[in-house]
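Asks: Here you go, this is input-v7.csv (CSV, C-alpha atoms and all ligand atoms).
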chain,number,residue,atom,x,y,z
N,1056,MET,CA,278.7,-2.8,148.4
N,1057,THR,CA,279.1,-3.9,152.0
N,1058,PRO,CA,276.0,-3.4,154.0
N,1059,MET,CA,277.5,-1.2,156.7
N,1060,ALA,CA,274.3,-0.7,158.7
N,1061,GLU,CA,274.1,-4.5,159.1
N,1062,LEU,CA,277.7,-4.6,160.4
N,1063,GLY,CA,276.8,-2.1,163.1
N,1064,LEU,CA,278.9,0.7,161.8
N,1065,SER,CA,277.7,4.2,161.9
N,1066,GLY,CA,278.9,7.6,160.8
N,1067,GLU,CA,282.5,8.1,161.7
N,1068,ASP,CA,283.3,4.4,161.7
N,1069,ARG,CA,282.0,4.0,158.2
N,1070,ASP,CA,284.5,6.6,157.1
N,1071,LEU,CA,287.2,4.7,159.0
N,1072,PHE,CA,286.2,1.5,157.4
N,1073,GLU,CA,286.3,3.0,153.9
N,1074,GLY,CA,289.6,4.8,154.7
N,1075,VAL,CA,291.2,1.6,155.9
N,1076,ILE,CA,290.0,-0.4,152.8
N,1077,ALA,CA,291.3,2.4,150.6
N,1078,GLY,CA,294.7,2.0,152.3
N,1079,ARG,CA,294.8,5.5,153.7
N,1080,ARG,CA,297.5,5.7,156.4
N,1081,ARG,CA,295.6,8.2,158.6
N,1082,ALA,CA,292.5,6.1,158.7
N,1083,LEU,CA,294.6,3.0,159.5
N,1084,ALA,CA,296.4,4.9,162.3
N,1085,LYS,CA,293.1,6.1,163.7
N,1086,ALA,CA,291.6,2.6,163.5
N,1087,ILE,CA,294.6,1.2,165.4
N,1088,THR,CA,294.2,3.9,168.1
N,1089,LEU,CA,290.5,2.8,168.4
N,1090,VAL,CA,291.4,-0.8,169.0
N,1091,GLU,CA,294.1,0.2,171.5
N,1092,SER,CA,291.6,2.2,173.6
N,1093,THR,CA,290.5,0.7,176.8
N,1094,ARG,CA,287.3,2.8,177.0
N,1095,GLU,CA,284.3,0.5,176.9
N,1096,ASP,CA,282.4,2.4,174.2
N,1097,HIS,CA,285.7,2.4,172.1
N,1098,ARG,CA,286.1,-1.3,172.6
N,1099,GLN,CA,282.6,-1.9,171.2
N,1100,ARG,CA,283.2,0.3,168.2
N,1101,ALA,CA,286.5,-1.3,167.6
N,1102,GLN,CA,285.0,-4.8,167.7
N,1103,SER,CA,282.4,-3.8,165.1
N,1104,LEU,CA,285.1,-2.2,162.9
N,1105,LEU,CA,287.2,-5.4,163.2
N,1106,ALA,CA,284.3,-7.6,162.4
N,1107,ALA,CA,283.6,-5.5,159.2
N,1108,LEU,CA,287.2,-5.6,158.2
N,1109,LEU,CA,287.9,-9.3,159.0
N,1110,PRO,CA,286.8,-10.5,155.5
N,1111,HIS,CA,289.4,-8.1,154.0
N,1112,SER,CA,292.2,-9.4,156.2
N,1113,GLY,CA,294.4,-12.5,156.0
N,1114,ARG,CA,296.1,-11.9,152.7
N,1115,SER,CA,299.6,-11.3,153.9
N,1116,LEU,CA,302.8,-13.0,154.9
N,1117,ARG,CA,303.2,-12.3,158.7
N,1118,ILE,CA,306.9,-12.3,159.7
N,1119,GLY,CA,307.9,-12.3,163.4
N,1120,ILE,CA,311.4,-10.9,164.1
N,1121,SER,CA,313.1,-11.2,167.5
N,1122,GLY,CA,316.5,-10.3,168.9
N,1123,VAL,CA,318.2,-8.5,171.7
N,1124,PRO,CA,318.5,-4.7,171.7
N,1125,GLY,CA,321.4,-3.8,169.4
N,1126,VAL,CA,321.3,-6.9,167.2
N,1127,GLY,CA,320.2,-4.8,164.3
N,1128,LYS,CA,316.4,-5.3,164.1
N,1129,SER,CA,315.6,-1.8,163.0
N,1130,THR,CA,318.5,-1.7,160.5
N,1131,PHE,CA,317.5,-5.0,159.1
N,1132,ILE,CA,313.7,-4.2,159.0
N,1133,GLU,CA,314.4,-0.9,157.2
N,1134,ALA,CA,316.7,-2.5,154.6
N,1135,PHE,CA,314.5,-5.5,154.1
N,1136,GLY,CA,311.4,-3.4,154.0
N,1137,MET,CA,312.8,-1.0,151.4
N,1138,SER,CA,313.8,-4.0,149.3
N,1139,LEU,CA,310.3,-5.4,149.5
N,1140,ILE,CA,308.8,-2.0,148.4
N,1141,GLU,CA,311.1,-2.1,145.4
N,1142,ARG,CA,309.5,-5.5,144.6
N,1143,GLY,CA,306.1,-3.9,144.7
N,1144,HIS,CA,305.0,-5.0,148.2
N,1145,ARG,CA,303.4,-2.9,150.9
N,1146,VAL,CA,304.9,-3.4,154.3
N,1147,ALA,CA,303.7,-2.8,157.8
N,1148,VAL,CA,305.9,-2.9,160.9
N,1149,LEU,CA,304.3,-3.5,164.3
N,1150,ALA,CA,306.0,-4.2,167.6
N,1151,VAL,CA,305.4,-6.1,170.8
N,1152,ASP,CA,307.7,-4.5,173.4
N,1153,PRO,CA,307.6,-5.9,176.9
N,1154,SER,CA,309.6,-3.0,178.3
N,1155,SER,CA,306.8,-0.7,177.4
N,1156,THR,CA,304.5,-2.6,179.8
N,1157,VAL,CA,306.8,-2.2,182.7
N,1158,HIS,CA,307.8,1.4,182.7
N,1159,GLY,CA,306.0,3.0,179.8
N,1160,GLY,CA,309.3,3.6,178.0
N,1161,SER,CA,309.9,1.6,174.9
N,1162,ILE,CA,313.0,-0.1,173.4
N,1163,LEU,CA,311.2,-0.6,170.2
N,1164,GLY,CA,309.1,1.6,168.0
N,1165,ASP,CA,310.3,5.1,168.7
N,1166,LYS,CA,310.0,7.5,165.8
N,1167,THR,CA,313.6,8.0,164.9
N,1168,ARG,CA,314.0,4.4,163.9
N,1169,MET,CA,313.5,3.3,160.3
N,1170,GLU,CA,313.4,6.8,159.0
N,1171,LEU,CA,313.6,5.9,155.3
N,1172,LEU,CA,311.0,3.3,155.5
N,1173,ALA,CA,308.7,5.6,157.5
N,1174,GLN,CA,308.7,8.1,154.7
N,1175,ARG,CA,307.4,5.7,152.1
N,1176,GLU,CA,303.7,5.7,151.2
N,1177,GLU,CA,303.9,1.9,150.8
N,1178,ALA,CA,305.0,1.4,154.4
N,1179,PHE,CA,303.2,1.7,157.7
N,1180,ILE,CA,305.1,1.7,161.0
N,1181,ARG,CA,303.3,1.6,164.3
N,1182,PRO,CA,305.1,2.1,167.6
N,1183,THR,CA,304.2,-0.4,170.3
N,1184,PRO,CA,301.1,0.3,172.5
N,1185,SER,CA,302.6,1.7,175.6
N,1186,SER,CA,300.3,0.5,178.3
N,1187,GLY,CA,298.7,-2.6,179.7
N,1188,SER,CA,300.0,-6.1,180.4
N,1189,LEU,CA,302.0,-8.0,177.8
N,1190,GLY,CA,298.9,-10.0,177.0
N,1191,GLY,CA,297.0,-6.7,176.4
N,1192,VAL,CA,299.8,-5.3,174.2
N,1193,ALA,CA,299.9,-8.6,172.2
N,1194,GLU,CA,296.2,-8.5,171.8
N,1195,HIS,CA,296.3,-5.0,170.4
N,1196,THR,CA,299.1,-5.9,168.1
N,1197,ARG,CA,297.1,-8.9,166.8
N,1198,GLU,CA,294.2,-6.6,166.0
N,1199,ALA,CA,296.4,-4.0,164.5
N,1200,LEU,CA,297.9,-6.7,162.3
N,1201,LEU,CA,294.4,-7.5,160.9
N,1202,LEU,CA,293.8,-3.8,160.3
N,1203,CYS,CA,297.0,-3.5,158.3
N,1204,GLU,CA,296.1,-6.5,156.2
N,1205,ALA,CA,292.7,-4.9,155.5
N,1206,ALA,CA,294.5,-1.8,154.4
N,1207,GLY,CA,296.4,-3.8,151.8
N,1208,HIS,CA,299.7,-4.4,153.4
N,1209,ASP,CA,300.8,-7.7,152.2
N,1210,ILE,CA,303.9,-8.1,154.3
N,1211,ILE,CA,303.5,-7.6,158.0
N,1212,ILE,CA,306.6,-7.6,160.2
N,1213,VAL,CA,306.1,-7.9,164.0
N,1214,GLU,CA,309.2,-7.3,165.9
N,1215,THR,CA,310.1,-7.9,169.6
N,1216,VAL,CA,313.0,-7.9,171.9
N,1217,GLY,CA,314.3,-11.2,173.2
N,1218,VAL,CA,312.8,-11.9,176.6
N,1219,GLY,CA,310.9,-15.1,176.5
N,1220,GLN,CA,307.2,-14.4,176.8
N,1221,SER,CA,307.0,-11.7,174.1
N,1222,GLU,CA,308.7,-14.1,171.7
N,1223,THR,CA,306.1,-16.7,172.3
N,1224,ALA,CA,303.4,-14.1,171.8
N,1225,VAL,CA,304.9,-12.9,168.5
N,1226,ALA,CA,305.4,-16.5,167.2
N,1227,GLY,CA,301.8,-17.1,168.0
N,1228,MET,CA,300.6,-14.4,165.7
N,1229,THR,CA,302.9,-14.8,162.7
N,1230,ASP,CA,303.5,-17.3,159.9
N,1231,CYS,CA,307.3,-17.3,160.1
N,1232,PHE,CA,309.3,-16.6,163.2
N,1233,VAL,CA,312.8,-15.3,162.6
N,1234,LEU,CA,315.5,-15.2,165.3
N,1235,LEU,CA,318.1,-12.5,164.8
N,1236,GLN,CA,321.4,-13.3,166.4
N,1237,LEU,CA,324.9,-11.8,166.9
N,1238,PRO,CA,327.8,-13.8,165.5
N,1239,ASN,CA,330.0,-13.4,168.6
N,1240,ALA,CA,327.5,-15.2,170.7
N,1241,GLY,CA,328.8,-18.6,169.6
N,1242,ASP,CA,330.0,-19.6,173.0
N,1243,ASP,CA,326.8,-18.4,174.5
N,1244,LEU,CA,324.6,-20.6,172.4
N,1245,GLN,CA,323.4,-22.3,175.6
N,1246,ALA,CA,322.1,-18.9,176.7
N,1247,ILE,CA,319.4,-19.0,174.1
N,1248,LYS,CA,316.6,-20.9,175.7
N,1249,LYS,CA,315.7,-24.2,174.1
N,1250,GLY,CA,312.1,-23.1,174.1
N,1251,ILE,CA,312.9,-20.0,172.0
N,1252,MET,CA,315.1,-21.9,169.5
N,1253,GLU,CA,312.2,-24.3,169.0
N,1254,LEU,CA,310.0,-21.4,168.0
N,1255,ALA,CA,312.4,-20.4,165.2
N,1256,ASP,CA,311.5,-21.1,161.6
N,1257,LEU,CA,314.7,-19.3,160.5
N,1258,VAL,CA,317.8,-18.1,162.3
N,1259,VAL,CA,319.8,-15.1,161.0
N,1260,PHE,CA,323.2,-14.0,162.1
N,1261,ASN,CA,323.4,-10.3,161.5
N,1262,LYS,CA,326.6,-8.1,161.3
N,1263,ALA,CA,328.5,-10.8,159.4
N,1264,ASP,CA,330.5,-8.0,157.8
N,1265,ILE,CA,332.4,-7.4,161.0
N,1266,ASP,CA,334.0,-10.9,161.1
N,1267,PRO,CA,332.7,-13.2,158.3
N,1268,ALA,CA,334.6,-16.3,159.6
N,1269,ALA,CA,333.1,-15.8,163.1
N,1270,ALA,CA,329.6,-15.5,161.6
N,1271,GLN,CA,330.1,-18.7,159.6
N,1272,LEU,CA,331.3,-20.5,162.7
N,1273,ALA,CA,328.4,-19.3,164.8
N,1274,ALA,CA,326.0,-20.4,162.0
N,1275,ALA,CA,327.5,-23.8,161.9
N,1276,GLN,CA,327.2,-24.2,165.7
N,1277,MET,CA,323.6,-23.1,165.5
N,1278,ARG,CA,322.8,-25.6,162.7
N,1279,SER,CA,324.1,-28.5,164.9
N,1280,ALA,CA,322.2,-27.2,167.9
N,1281,LEU,CA,319.0,-26.9,165.8
N,1282,ALA,CA,319.5,-30.4,164.4
N,1283,MET,CA,319.2,-31.8,167.9
N,1284,LEU,CA,315.8,-30.1,168.5
N,1285,HIS,CA,312.5,-31.4,167.5
N,1286,PRO,CA,311.5,-29.2,164.5
N,1287,ALA,CA,308.1,-27.5,164.6
N,1288,SER,CA,307.4,-28.9,161.1
N,1289,ALA,CA,308.3,-32.3,159.7
N,1290,ASN,CA,308.8,-30.6,156.3
N,1291,TRP,CA,311.0,-27.7,157.4
N,1292,GLN,CA,314.4,-27.8,159.1
N,1293,PRO,CA,315.0,-24.1,160.1
N,1294,PRO,CA,317.8,-22.7,157.9
N,1295,VAL,CA,320.6,-20.6,159.4
N,1296,LEU,CA,321.7,-17.6,157.4
N,1297,THR,CA,324.4,-14.9,157.8
N,1298,LEU,CA,323.9,-11.4,156.5
N,1299,SER,CA,324.8,-7.8,157.0
N,1300,ALA,CA,321.8,-5.5,157.4
N,1301,LEU,CA,324.1,-2.5,157.3
N,1302,ARG,CA,325.6,-3.4,154.0
N,1303,LYS,CA,322.3,-4.9,152.7
N,1304,ASP,CA,324.2,-8.1,152.0
N,1305,GLY,CA,322.2,-11.3,152.1
N,1306,LEU,CA,318.7,-9.8,152.0
N,1307,GLU,CA,318.0,-11.4,148.6
N,1308,GLU,CA,318.8,-14.8,150.0
N,1309,PHE,CA,316.7,-14.1,153.1
N,1310,TRP,CA,313.7,-13.3,150.9
N,1311,GLN,CA,314.2,-16.5,148.8
N,1312,VAL,CA,314.2,-18.6,152.0
N,1313,LEU,CA,311.0,-16.9,153.1
N,1314,GLU,CA,309.3,-17.7,149.8
N,1315,LYS,CA,310.5,-21.2,150.0
N,1316,PHE,CA,309.1,-21.5,153.5
N,1317,ARG,CA,305.7,-20.1,152.4
N,1318,ASP,CA,305.7,-22.5,149.4
N,1319,THR,CA,306.7,-25.6,151.4
N,1320,LEU,CA,304.3,-25.0,154.3
N,1321,GLY,CA,301.6,-23.9,151.9
N,1322,ALA,CA,301.8,-27.1,149.9
N,1323,SER,CA,301.7,-29.3,153.0
N,1324,GLY,CA,298.7,-27.4,154.4
N,1325,GLU,CA,300.7,-26.4,157.6
N,1326,PHE,CA,300.5,-22.7,156.8
N,1327,ALA,CA,296.7,-22.7,156.9
N,1328,ALA,CA,296.7,-25.1,159.9
N,1329,ARG,CA,299.0,-22.7,161.9
N,1330,ARG,CA,296.7,-19.8,161.3
N,1331,ARG,CA,293.6,-21.9,162.3
N,1332,HIS,CA,295.4,-23.0,165.4
N,1333,GLN,CA,296.5,-19.4,166.2
N,1334,ALA,CA,293.0,-18.1,165.8
N,1335,LEU,CA,291.7,-20.7,168.2
N,1336,ALA,CA,294.5,-20.1,170.7
N,1337,TRP,CA,293.7,-16.4,170.6
N,1338,MET,CA,290.1,-17.0,171.3
N,1339,TRP,CA,291.0,-19.2,174.4
N,1340,GLN,CA,293.4,-16.6,175.6
N,1341,LEU,CA,290.7,-14.0,175.6
N,1342,VAL,CA,288.2,-16.4,177.2
N,1343,ASP,CA,290.8,-17.1,180.0
N,1344,SER,CA,291.6,-13.5,180.6
N,1345,GLY,CA,287.9,-12.6,180.5
N,1346,LEU,CA,287.1,-15.2,183.1
N,1347,ARG,CA,290.0,-14.1,185.3
N,1348,ASP,CA,288.8,-10.5,185.2
N,1349,GLY,CA,285.2,-11.5,185.9
N,1350,PHE,CA,286.4,-13.7,188.8
N,1351,ARG,CA,288.5,-10.8,190.4
N,1352,ARG,CA,285.6,-8.4,190.0
N,1353,HIS,CA,283.1,-10.8,191.5
N,1354,PRO,CA,281.9,-9.1,194.8
N,1355,ALA,CA,282.1,-12.2,197.0
N,1356,VAL,CA,285.6,-13.0,195.7
N,1357,SER,CA,287.0,-9.5,195.9
N,1358,ASP,CA,285.7,-9.3,199.5
N,1359,ARG,CA,287.8,-12.3,200.5
N,1360,LEU,CA,290.7,-12.2,198.0
N,1361,ALA,CA,293.2,-10.2,200.1
N,1362,ASP,CA,292.5,-12.3,203.3
N,1363,THR,CA,292.8,-15.6,201.5
N,1364,ALA,CA,296.0,-14.6,199.7
N,1365,ALA,CA,297.5,-13.6,203.1
N,1366,GLU,CA,296.5,-16.9,204.6
N,1367,VAL,CA,298.2,-18.7,201.7
N,1368,GLU,CA,301.4,-16.6,202.2
N,1369,ALA,CA,301.3,-17.3,206.0
N,1370,GLY,CA,301.0,-21.0,205.3
N,1371,SER,CA,297.8,-21.3,207.3
N,1372,ILE,CA,295.8,-22.6,204.4
N,1373,THR,CA,296.9,-24.7,201.4
N,1374,PRO,CA,296.8,-23.1,198.0
N,1375,THR,CA,294.4,-25.8,196.9
N,1376,ALA,CA,292.0,-25.1,199.7
N,1377,ALA,CA,292.3,-21.3,199.0
N,1378,ALA,CA,291.6,-21.8,195.3
N,1379,ARG,CA,288.6,-24.0,196.1
N,1380,ARG,CA,287.2,-21.4,198.6
N,1381,LEU,CA,287.5,-18.6,196.1
N,1382,LEU,CA,286.1,-20.6,193.2
N,1383,ASP,CA,283.1,-21.6,195.4
N,1384,LEU,CA,282.5,-18.0,196.3
N,1385,ALA,CA,282.5,-17.1,192.6
N,1386,GLY,CA,280.1,-19.9,191.9
N,1387,GLN,CA,277.6,-18.9,194.6
N,1388,GLN,CA,276.2,-15.7,193.1
N,1389,LYS,CA,274.9,-16.2,189.6
N,1401,LIG,P1,318.1,-3.0,167.3
N,1401,LIG,O1,318.2,-2.4,168.7
N,1401,LIG,O2,318.0,-4.4,167.3
N,1401,LIG,O3,317.0,-2.3,166.5
N,1401,LIG,O4,319.5,-2.6,166.5
N,1401,LIG,P2,319.8,-1.4,165.5
N,1401,LIG,O5,319.2,-1.7,164.2
N,1401,LIG,O6,319.4,-0.1,166.2
N,1401,LIG,O7,321.4,-1.6,165.4
N,1401,LIG,C1,322.2,-1.4,166.5
N,1401,LIG,C2,323.6,-0.9,166.0
N,1401,LIG,O8,324.2,-2.0,165.2
N,1401,LIG,C3,323.5,0.3,165.1
N,1401,LIG,O9,324.6,1.1,165.4
N,1401,LIG,C4,323.6,-0.3,163.7
N,1401,LIG,O10,324.2,0.6,162.7
N,1401,LIG,C5,324.5,-1.5,163.9
N,1401,LIG,N1,324.2,-2.5,162.9
N,1401,LIG,C6,323.1,-3.0,162.5
N,1401,LIG,N2,323.2,-4.0,161.6
N,1401,LIG,C7,324.6,-4.1,161.3
N,1401,LIG,C8,325.4,-4.9,160.4
N,1401,LIG,O11,324.9,-5.7,159.7
N,1401,LIG,N3,326.7,-4.7,160.5
N,1401,LIG,C9,327.3,-3.8,161.3
N,1401,LIG,N4,328.6,-3.7,161.3
N,1401,LIG,N5,326.6,-3.0,162.2
N,1401,LIG,C10,325.2,-3.1,162.2
Here is the file; what I need is its structure written in the form of C-alpha cells.
Replies:
Amino acid sequence: MTPMAELGLSGEDRDLFEGVIAGRRRALAKAITLVESTREDHRQRAQSLLAALLPHSGRSLRIGISGVPGVGKSTFIEAFGMSLIERGHRVAVLAVDPSSTVHGGSILGDKTRMELLAQREEAFIRPTPSSGSLGGVAEHTREALLLCEAAGHDIIIVETVGVGQSETAVAGMTDCFVLLQLPNAGDDLQAIKKGIMELADLVVFNKADIDPAAAQLAAAQMRSALAMLHPASANWQPPVLTLSALRKDGLEEFWQVLEKFRDTLGASGEFAARRRHQALAWMWQLVDSGLRDGFRRHPAVSDRLADTAAEVEAGSITPTAAARRLLDLAGQQK
C-alpha cells in the first residue's frame, strides 16, 4: 500500500489518486482539471497528487504529431488510435494548441473531433487547456501526460498545429516527433522551416489516396531534403512514409516504423537519455519562468519597470544599462 498520508494527500485527493491508478476516466479528467487550475491551493494539491503518481508514470510511448490545420491530424489520430486499441493498447490524446492562448478559441481538441475514438473506454481525449501562455499550456500538457500514464494509457499522442514554438514544445515532451504533411506541398518544401524538419523523427505524407504519384514525389523530395540535415540521432535517419488516414491505408507500416524507432533508440540508450534531458529541460524552464515572475513582482522592480522600458524605447538608455538597473533593483531587497 502507498502511504498516502506521507505523500501529503488527504480526503478527496486520495480518492482521485486511487481513481487515476484504477484507470477511471472521470478521475483522470478531474485530476487534469486540478493540474490546469491556476488557484494557489489547487496548484499545491496538484503538485502533491503528481508527486504521488509520478512512480506510476513513464511507461508509455509518447508520440508528438504536428501539421497544419486540414492536413488530417484528427482523421489520422482517430484511425491510428482505433487500430492501437484493436491491438490491446490504451490511448490518450492531448493537445498543445497555440491558437487557444491567443483568443481562447481552439483549432484542436473540440468535442466533435475523433468521435469514434472518444466513445471507447480504452481511449482518453483531452481538449487543450484554453488559457495562459504557450509555456503554461505546454506545462499543463506535460503534467496531463504523466497523469494519463499513471492511469494506464500506454500510448500518448500529443498533437499540435504547425507554428514553430508549439512544435518545439511538443517535441520536447515526446519520444517520437511526427511531422504530418500534405503531398501537394512539394514545391513549398522550403516553406517548412529547417528547425522544424530537424525535430522530426518521422515524416508522413497524408492524403496519398488523392494523387499517389504526387505523394511519392513529395516523399522523395523530402527524403533528399532530410538527408542534407544533421539527424538528431546518429542511429536514426528519419523515414518518410505516405499514407491515407481516410482509407486507413499505411497505418500498419506507420506502427511498424514506430516500433523500430523505439527498439533502435532503446537499444542505443538514446530513448532514456532523451527523457532525462527533457525532464531536466522542463525543470530549467520552470526555474526560468519562476524567476521571471518573481522579478516582475519584486516591488522595487515593478515601481521602475514601466519607466525603464519607456526609456529603452525612447533610446535614452541602452538595453544593457536598463537590464543592469532592474537586476540591481531586484537584488537590493532580499
Ligand atoms: P486536421 O485539421 O489536421 O485535424 O484535419 P482533419 O482530420 O479534420 O481533416 C481535414 C479534412 O481532410 C477532412 O475533410 C478529412 O476528411 C480530410 N482527410 C483527412 N485525411 C485524409 C486522407 O487521407 N485522404 C483524403 N482524401 N482526405 C483526408
Asks: Kindly indicate which residue among N:Phe1072, N:Ala1107, N:His1144, N:His1285 lies nearest to N:Gly1207, using only C-alpha atoms for the distances.
Replies: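 Comparing N:Phe1072, N:Ala1107, N:His1144, N:His1285 against N:Gly1207, the winner is N:His1144.
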Asks: Taking all listed atoms of ligand LIG 1401 (chain N), build the axis-aligned box, pad each of the six sides by 6 Å, then write its centre and edge lengths in Å to one decimal as AutoDock Vina command-line options.
Replies:
--center_x 322.8 --center_y -2.3 --center_z 164.2 --size_x 23.6 --size_y 18.8 --size_z 21.0
Asks: Between atom CA of N:Ile1120 and atom CA of N:Phe1135, what distance in Å does the model show, to one decimal?
Replies: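 A separation of 11.8 Å between them.
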Asks: Pick the closest to N:Ala1134 from N:Gly1324, N:Gly1074, N:Gly1345, N:Gly1305: which is it, counting only C-alpha atoms?
Replies: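 Closest candidate: N:Gly1305.
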Asks: Residues within 12 Å of ligand LIG 1401 (chain N) should be enumerated using only C-alpha atoms and all ligand atoms and returned as a PDB file with C-alpha atoms, keeping the file's coordinate frame.
Replies:
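Final file, pocket_39.pdb:
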ATOM      1  CA  ILE N1120     311.400 -10.900 164.100  1.00  0.00           C
ATOM      2  CA  SER N1121     313.100 -11.200 167.500  1.00  0.00           C
ATOM      3  CA  GLY N1122     316.500 -10.300 168.900  1.00  0.00           C
ATOM      4  CA  VAL N1123     318.200  -8.500 171.700  1.00  0.00           C
ATOM      5  CA  PRO N1124     318.500  -4.700 171.700  1.00  0.00           C
ATOM      6  CA  GLY N1125     321.400  -3.800 169.400  1.00  0.00           C
ATOM      7  CA  VAL N1126     321.300  -6.900 167.200  1.00  0.00           C
ATOM      8  CA  GLY N1127     320.200  -4.800 164.300  1.00  0.00           C
ATOM      9  CA  LYS N1128     316.400  -5.300 164.100  1.00  0.00           C
ATOM     10  CA  SER N1129     315.600  -1.800 163.000  1.00  0.00           C
ATOM     11  CA  THR N1130     318.500  -1.700 160.500  1.00  0.00           C
ATOM     12  CA  PHE N1131     317.500  -5.000 159.100  1.00  0.00           C
ATOM     13  CA  ILE N1132     313.700  -4.200 159.000  1.00  0.00           C
ATOM     14  CA  GLU N1133     314.400  -0.900 157.200  1.00  0.00           C
ATOM     15  CA  ALA N1134     316.700  -2.500 154.600  1.00  0.00           C
ATOM     16  CA  PHE N1135     314.500  -5.500 154.100  1.00  0.00           C
ATOM     17  CA  ALA N1150     306.000  -4.200 167.600  1.00  0.00           C
ATOM     18  CA  ASP N1152     307.700  -4.500 173.400  1.00  0.00           C
ATOM     19  CA  SER N1161     309.900   1.600 174.900  1.00  0.00           C
ATOM     20  CA  ILE N1162     313.000  -0.100 173.400  1.00  0.00           C
ATOM     21  CA  LEU N1163     311.200  -0.600 170.200  1.00  0.00           C
ATOM     22  CA  GLY N1164     309.100   1.600 168.000  1.00  0.00           C
ATOM     23  CA  ASP N1165     310.300   5.100 168.700  1.00  0.00           C
ATOM     24  CA  THR N1167     313.600   8.000 164.900  1.00  0.00           C
ATOM     25  CA  ARG N1168     314.000   4.400 163.900  1.00  0.00           C
ATOM     26  CA  MET N1169     313.500   3.300 160.300  1.00  0.00           C
ATOM     27  CA  GLU N1170     313.400   6.800 159.000  1.00  0.00           C
ATOM     28  CA  GLU N1214     309.200  -7.300 165.900  1.00  0.00           C
ATOM     29  CA  THR N1215     310.100  -7.900 169.600  1.00  0.00           C
ATOM     30  CA  VAL N1216     313.000  -7.900 171.900  1.00  0.00           C
ATOM     31  CA  GLY N1217     314.300 -11.200 173.200  1.00  0.00           C
ATOM     32  CA  LEU N1234     315.500 -15.200 165.300  1.00  0.00           C
ATOM     33  CA  LEU N1235     318.100 -12.500 164.800  1.00  0.00           C
ATOM     34  CA  GLN N1236     321.400 -13.300 166.400  1.00  0.00           C
ATOM     35  CA  LEU N1237     324.900 -11.800 166.900  1.00  0.00           C
ATOM     36  CA  PRO N1238     327.800 -13.800 165.500  1.00  0.00           C
ATOM     37  CA  VAL N1259     319.800 -15.100 161.000  1.00  0.00           C
ATOM     38  CA  PHE N1260     323.200 -14.000 162.100  1.00  0.00           C
ATOM     39  CA  ASN N1261     323.400 -10.300 161.500  1.00  0.00           C
ATOM     40  CA  LYS N1262     326.600  -8.100 161.300  1.00  0.00           C
ATOM     41  CA  ALA N1263     328.500 -10.800 159.400  1.00  0.00           C
ATOM     42  CA  ASP N1264     330.500  -8.000 157.800  1.00  0.00           C
ATOM     43  CA  ILE N1265     332.400  -7.400 161.000  1.00  0.00           C
ATOM     44  CA  ASP N1266     334.000 -10.900 161.100  1.00  0.00           C
ATOM     45  CA  PRO N1267     332.700 -13.200 158.300  1.00  0.00           C
ATOM     46  CA  ALA N1270     329.600 -15.500 161.600  1.00  0.00           C
ATOM     47  CA  THR N1297     324.400 -14.900 157.800  1.00  0.00           C
ATOM     48  CA  LEU N1298     323.900 -11.400 156.500  1.00  0.00           C
ATOM     49  CA  SER N1299     324.800  -7.800 157.000  1.00  0.00           C
ATOM     50  CA  ALA N1300     321.800  -5.500 157.400  1.00  0.00           C
ATOM     51  CA  LEU N1301     324.100  -2.500 157.300  1.00  0.00           C
ATOM     52  CA  ARG N1302     325.600  -3.400 154.000  1.00  0.00           C
ATOM     53  CA  LYS N1303     322.300  -4.900 152.700  1.00  0.00           C
ATOM     54  CA  ASP N1304     324.200  -8.100 152.000  1.00  0.00           C
ATOM     55  CA  GLY N1305     322.200 -11.300 152.100  1.00  0.00           C
ATOM     56  CA  LEU N1306     318.700  -9.800 152.000  1.00  0.00           C
TER      57      LEU N1306
END
Asks: Counting only C-alpha atoms, figure out which residue out of N:Leu1064, N:Ile1251, N:Ala1377, N:Val1312 gets nearest to N:Ala1287.
Replies: N:Ile1251
Asks: Could you tell me how far atom CA of N:Gly1136 lies from atom CA of N:Leu1149, in Å and to one decimal?
Replies: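 Between atom CA of N:Gly1136 and atom CA of N:Leu1149 the gap is 12.5 Å.
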Asks: Within 12 Å of stretch 1101-1104 of chain N, counting all atoms listed in the file, which residues qualify if same-chain residues fewer than 5 places away don't, as a PyMOL selection string?
Replies: chain N and resi 1059-1076+1082-1083+1085-1096+1109-1111+1195+1198-1199+1201-1202+1205
Asks: To one decimal place, how far is atom CA of N:Val1233 from atom CA of N:Gln1271 in Å?
Replies: 17.9 Å
Asks: Closest to N:Arg1329 among N:Gly1227, N:Gly1386, N:Pro1182, N:Gly1078, using all atoms listed in the file?
Replies: N:Gly1227
Asks: Would you please work out which residue, of N:Ala1077, N:Leu1296, N:Ala1369, N:Ile1211, is nearest to N:Ser1115 when using only C-alpha atoms?
Replies: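 Under the stated criterion, the closest residue is N:Ile1211.
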Asks: Just the residues within 12 Å of N:Glu1314, please, counting only C-alpha atoms, with nothing from its chain fewer than 4 positions along; format it as a compact mmCIF listing (two decimals) with C-alpha atoms, in the coordinates of the input.
Replies:
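Output saved as result-v2.txt:
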# COMPACT_ATOMS: atom_id res chain seq x y z
CA LEU N 1116 302.80 -13.00 154.90
CA ILE N 1118 306.90 -12.30 159.70
CA ILE N 1210 303.90 -8.10 154.30
CA ASP N 1230 303.50 -17.30 159.90
CA CYS N 1231 307.30 -17.30 160.10
CA GLU N 1307 318.00 -11.40 148.60
CA GLU N 1308 318.80 -14.80 150.00
CA PHE N 1309 316.70 -14.10 153.10
CA TRP N 1310 313.70 -13.30 150.90
CA ASP N 1318 305.70 -22.50 149.40
CA THR N 1319 306.70 -25.60 151.40
CA LEU N 1320 304.30 -25.00 154.30
CA GLY N 1321 301.60 -23.90 151.90
Asks: Which of these, N:Ala1106, N:Gln1099, N:Thr1229, N:Ala1365, has the shortest distance to N:Arg1330 once you count all atoms listed in the file?
Replies: N:Thr1229
